[in-house]
Amino acid sequence: MAKEVIATEQAPAAIGPYVQGTKLGELVFTSGQIPLDPTTMEIVSGGVEAQAEQVMKNLVAVLKAAGSEPSKVLKTTCFLSDMNNFVAFNQVYARYFGESAPARSCVEVARLPKDVLVEVEAIAHL
């Protein structure tokens, strides 16, 4: 079984030595998505809600490029720069997963790339 690199212009290009996602067999592994606008590669303005919205759009774009979708996500790992943003983040996150919410870890971290407020990575099936 060969690893396949996932790439789409609908999500931000990698800003380091990594890819947007990889696929192996029936599984998709996304890199952590941050709130970069894929067209401008700039961080979206606004608070945690606006940043979470862009993160989720980027995540969905990578999933779709791999042939998957939010309802097929098995596990997410969510990183917040401030756990006080947990409720606001959850409101955005829930709109994307609804009744098919995956297993999840959500942790506060000292710092995220480009000092963003949120980052999300996922494992999904096809």
# chains A, B, ... in the order shown; residues from 1 in each chain; ligands from 1
$ residues_around --residues "Pro113 of chain A" --least-positions-apart "4" --cutoff "10 Å" --atoms "only C-alpha atoms" --output "PDB file with N, CA and C atoms, in the first residue's frame"
ATOM      1  N   ILE A  15       3.282  25.625   4.936  1.00  0.00           N
ATOM      2  CA  ILE A  15       4.252  26.693   5.187  1.00  0.00           C
ATOM      3  C   ILE A  15       5.515  26.127   5.830  1.00  0.00           C
ATOM      4  N   ILE A  34      -4.712  25.779  10.263  1.00  0.00           N
ATOM      5  CA  ILE A  34      -4.804  27.038  10.986  1.00  0.00           C
ATOM      6  C   ILE A  34      -5.631  28.014  10.147  1.00  0.00           C
ATOM      7  N   LEU A 117      -5.218  31.448  17.133  1.00  0.00           N
ATOM      8  CA  LEU A 117      -5.954  31.053  18.327  1.00  0.00           C
ATOM      9  C   LEU A 117      -6.369  29.591  18.328  1.00  0.00           C
ATOM     10  N   VAL A 118      -6.401  28.965  17.134  1.00  0.00           N
ATOM     11  CA  VAL A 118      -6.910  27.597  17.033  1.00  0.00           C
ATOM     12  C   VAL A 118      -6.246  26.845  15.880  1.00  0.00           C
ATOM     13  N   GLU A 119      -6.088  25.536  16.065  1.00  0.00           N
ATOM     14  CA  GLU A 119      -5.590  24.639  15.032  1.00  0.00           C
ATOM     15  C   GLU A 119      -6.310  23.301  15.210  1.00  0.00           C
TER      16      GLU A 119
END
$ residues_around --residues "segment 77-83 of chain A" --least-positions-apart "6" --cutoff "7 Å" --atoms "only C-alpha atoms" --output "JSON, numbers by chain"
{"A": [104, 105, 106, 107, 108, 109, 110, 111, 112, 117, 118, 119, 120, 121, 122]}
$ residues_around --residues "Ser31 of chain A" --least-positions-apart "6" --cutoff "12 Å" --atoms "only C-alpha atoms" --output "ChimeraX atom specification"
/A:5-7,11-23,55,58-60,62-63,76-78,119-124
$ closest_residue --among "A:Ala103, A:Ala2, A:Val73, A:Leu36" --to "Lys57 of chain A" --atoms "only C-alpha atoms"
A:Leu36
$ atom_distance --atom1 "atom CA of Asn90 of chain A" --atom2 "atom CA of Met41 of chain A"
24.5 Å
$ decode --residues "segment 85-97 of chain A" --atoms "N, CA and C atoms" --output "short mmCIF file (atom, residue, chain, number, x, y, z; two decimals), in the first residue's frame"
data_model
loop_
_atom_site.label_atom_id
_atom_site.label_comp_id
_atom_site.auth_asym_id
_atom_site.auth_seq_id
_atom_site.Cartn_x
_atom_site.Cartn_y
_atom_site.Cartn_z
N ASN A 85 -11.51 30.11 25.33
CA ASN A 85 -12.20 30.15 24.03
C ASN A 85 -12.92 28.83 23.71
N PHE A 86 -12.93 27.90 24.64
CA PHE A 86 -13.49 26.57 24.41
C PHE A 86 -14.95 26.61 23.97
N VAL A 87 -15.79 27.35 24.66
CA VAL A 87 -17.23 27.39 24.33
C VAL A 87 -17.44 28.00 22.95
N ALA A 88 -16.79 29.10 22.66
CA ALA A 88 -16.94 29.75 21.36
C ALA A 88 -16.44 28.84 20.24
N PHE A 89 -15.31 28.17 20.47
CA PHE A 89 -14.78 27.23 19.48
C PHE A 89 -15.77 26.09 19.25
N ASN A 90 -16.31 25.54 20.32
CA ASN A 90 -17.25 24.42 20.21
C ASN A 90 -18.48 24.77 19.38
N GLN A 91 -18.95 25.99 19.48
CA GLN A 91 -20.14 26.40 18.71
C GLN A 91 -19.87 26.30 17.21
N VAL A 92 -18.70 26.71 16.78
CA VAL A 92 -18.34 26.60 15.36
C VAL A 92 -18.10 25.14 14.99
N TYR A 93 -17.31 24.46 15.79
CA TYR A 93 -16.94 23.06 15.55
C TYR A 93 -18.20 22.19 15.39
N ALA A 94 -19.16 22.37 16.27
CA ALA A 94 -20.39 21.55 16.25
C ALA A 94 -21.17 21.71 14.96
N ARG A 95 -21.14 22.87 14.35
CA ARG A 95 -21.87 23.08 13.09
C ARG A 95 -21.32 22.21 11.97
N TYR A 96 -20.06 21.87 12.04
CA TYR A 96 -19.43 21.06 10.99
C TYR A 96 -19.61 19.56 11.19
N PHE A 97 -19.83 19.13 12.43
CA PHE A 97 -19.94 17.70 12.68
C PHE A 97 -21.33 17.26 13.10
#
